[in-house]
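Visitor: Encoded as structure tokens, here's the structure I'll be asking about.
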Amino acid sequence: MLTAPPGSADEAIAALLASPELAPLVAAHRVIEPRAPRHAPWPAGVEPRLVDALRGRGIEAPYTHQAAAYGAAAAGRNVVVVTPTASGKTLCYNLPVLGAVAADDAARALYLFPTKALAADQLVELRGLADAAGLGLKSHTYDGDTPPNVRSVVRAAGQVVITNPDMLHSAILPHHTKWFKLFENLRFVVIDELHTYRGLFGSHVANVVRRLRRICAHYGADPVFICASATIANPRELAERIVEAPVELIDDNGAPSGRRHVLVINPPVANEQLGVRGSALLTGQRLAERLIRGGVQTIAFARSRTAVEVLTSYLRETFAPPPGHPHTIRGYRGGYLPNERNEIERGLRDGRVRGVVATNALELGIDIGSLDAAISIGYPGTIASTWQQMGRAGRRTGTSLSALVCSSAPIDQFLAAHPEYLFYSSPEHGLVNPDNLHVLLNHLRASSFELPVPAGERFGIDETPMLLDVLQEDGWIRRAEDDRYYWSHENFPASDFSLRSGAPENVVIVDTTGERHRVLGEVDLFAAPLLVHEKAIYIHQGVQYHVDRLDWDERKAFVTRTDVDYYTDADLGITLKVLEVFDEADVPPAGKRQRGEVMVAWKVTMFKKLKYHTHENVGWGSISLPETEMHTTATWLVPPAELVNRYDRDTLDGALIGLARVARTTGALLLMCDPRDLGVLAQVQAPFTGRPTLYLYDAVPGGVGLTERLFGLVDELIRVCREAVDSCACADGCPACVGPAIEVGPRGKAVVSELLAGMG
């Protein structure tokens, strides 16, 4: 049981940096010095009761960015506030909203948060401030957990409705006549965590906002939008793309911060010949154990749900409590039930939980108190997410530690070798494509259900009349004599599609261990084949469950509790078919480049059993589940025939695997996107081209424009790929460049270099 008192971060960090075990693994160490607060006078017009309430909480004056945000919003200008984690962004929107409600009981506001947990957390903060000011605010969350009797009260009298884009899409906008008091009097719309609205999800949300603005106009309202975001490269552009109106940028951060030590840690080399490094998870475990043992309240972020549960199990073994005492180590991820998440959050705030292992579910601004250390095990995928995770520590003025533990993945090893990219590069762009036809048509259907659409109305794009005709031909709508299109289908359109994926359902996990079956959690439909296939080991709060049966049609996985010394990891098989070519270029002698629409299909084919601690493979099994497919866009490269004809098929096959690996890494860096947003596939004899081909595709249905940008960056992509391969110190390939020689072949690295030289 942990006995060291919290608050000893300085001593624990000094001991860590002097440790003979961990100090040699530090690839970079930066100290970010403390920053003093910068305040501004209370702006004119701020409700005096709010000022008194905030002073009662020790806030004598607002930070500069809070005052600027209030001034812009109160004057009717849309704003986007971009400051680091824990800089008081919440007050930037609560202050003008509560001021409007204090001045007029009829005033309404709508808050959008990307997760239910964050919405519930912000409700507590909003109510606390309103009660302290004596405002008697009527506010509640409106989501899937809201009881039916509360929902009717929120619709009728809710002055601030707190929800998420999914509920706005499927439960509020389609039933706007029940919400007429909200829409008639809507003064403000708050969109928090704006940086999360990118890619497919962001493209959907932009269309939900189009529908929202259309309904507001119907009721005579024109709300001000207040957006808040972590640091990204294009916050104003992203906000204006989602809101489709001018937005004022406020990024002059006046909040203070304590001293922060930032470490980049590279696990030790396990095999010098192969360039293989030790496990990032085990290195992160040792780091977390040392910090927690030193009295430092610590959060560790892992990349997958499985990794969260494995690391939670390890730490719970190390810090086992005395009999009858609760565990001080907890896991936290999607799939946990709401009461379980709430209990963990309370434990973090009051100090009962000394260590938590989480997915990025805790990356956002949920109030979990003032942690002293944050460890990211594996690069989170973007610079913005890395700093979001690091920002969960050091929320006070004291010293804190943030660490990135690099995995063997190429992009992680790139950061270990070039840490300046993490410290000095601009954060990524938030890209959305609301005019993606896959997305737009669905929302145009939903919008026509909500209100008739005049024939000349523009919904996002000038071609709206043509799309309305398409929907009429398909029987969704009909054109009436008043020259408006009316919904004419029996289905409810908003229930047909999800904002976050192509799958509207989740798979429910049912524990059948005892006499009474209970719901253990849930997993989204696309992740289910990987996590809860039959014979999988599903881990929940460090407890192992064996998946006895997956009922795919009923969306249920039945599990029983077990105790084994391994966990499971499933493999995907991917195929690709070209549907249409949009652009192409022959670049003699470098080969051919093309861009177009493709159909990508993937299927979970097998799983491995990996032993705890050593992670060695101790068995495998096959998986029989349906194939999943999507239409998207891709750019593909075809090396010249005279170049590839030099190699036999086996050599070329291995080299193409290596080329795909390095192209995905460098492509994600050039596009400044999450590597998971960029799919890659190499075919030694592609059906479409008949030749060896490398495909890079948008990993979301319909695409969001990544590979369209990449088509214009092919020369740069090839150059950076070649630099990455040729500058790597390994002899025959390693995880930091093209992959280990056992995967790419004994000549794999050399052949990749030759291919890139010939394609450049």
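So you can find residues: chains in the structure tokens are A, B, ... in the order shown, residues in each start at 1, and ligands are numbered from 1 in order.
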List the spatial neighbours of region 526-540 of chain A as an MDAnalysis selection string - criterion: any atom at most 9 Å away, only C-alpha atoms, same-chain residues fewer than 4 positions off excluded.
Guide: chainID A and resid 305:306 308:310 331 335:336 501:503 506:507 509 520:522 544:550 557:559 562 564 566:572 603:604 607 609 621 623:625 628
Visitor: At a cut-off of 8 Å, using only C-alpha atoms, what residues contact region 262-264 of chain A? Leave out same-chain residues fewer than 4 positions from it and give the result as a PyMOL selection string.
Guide: chain A and resi 26-32+401-406+416+419
Visitor: So which bits of region 620-672 of chain A end up strand (DSSP E or B) when you DSSP the backbone, as a compact mmCIF listing (two decimals) with C-alpha atoms, in the first residue's frame?
Guide:
# COMPACT_ATOMS: atom_id res chain seq x y z
CA TRP A 620 -2.94 -18.57 -32.32
CA GLY A 621 -6.45 -19.19 -33.65
CA SER A 622 -8.60 -18.36 -36.65
CA THR A 628 -16.27 -4.82 -43.63
CA GLU A 629 -15.81 -2.39 -46.52
CA MET A 630 -15.81 1.33 -47.30
CA HIS A 631 -15.46 3.63 -50.29
CA THR A 632 -12.78 6.28 -49.94
CA THR A 633 -10.11 8.14 -51.93
CA ALA A 634 -6.49 7.14 -52.49
CA THR A 635 -3.24 8.15 -54.14
CA TRP A 636 -1.15 5.32 -55.56
CA LEU A 637 2.39 5.08 -56.91
CA VAL A 638 3.54 2.65 -59.62
Visitor: For each of A:Tyr697, A:Trp179, A:Tyr485, A:Phe319, take the minimum atom-to-atom distance to Val353 (chain A), counting only C-alpha atoms, then give the residue where this is smallest.
Guide: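 Of A:Tyr697, A:Trp179, A:Tyr485, A:Phe319, the one nearest Val353 (chain A), counting only C-alpha atoms, is A:Phe319.
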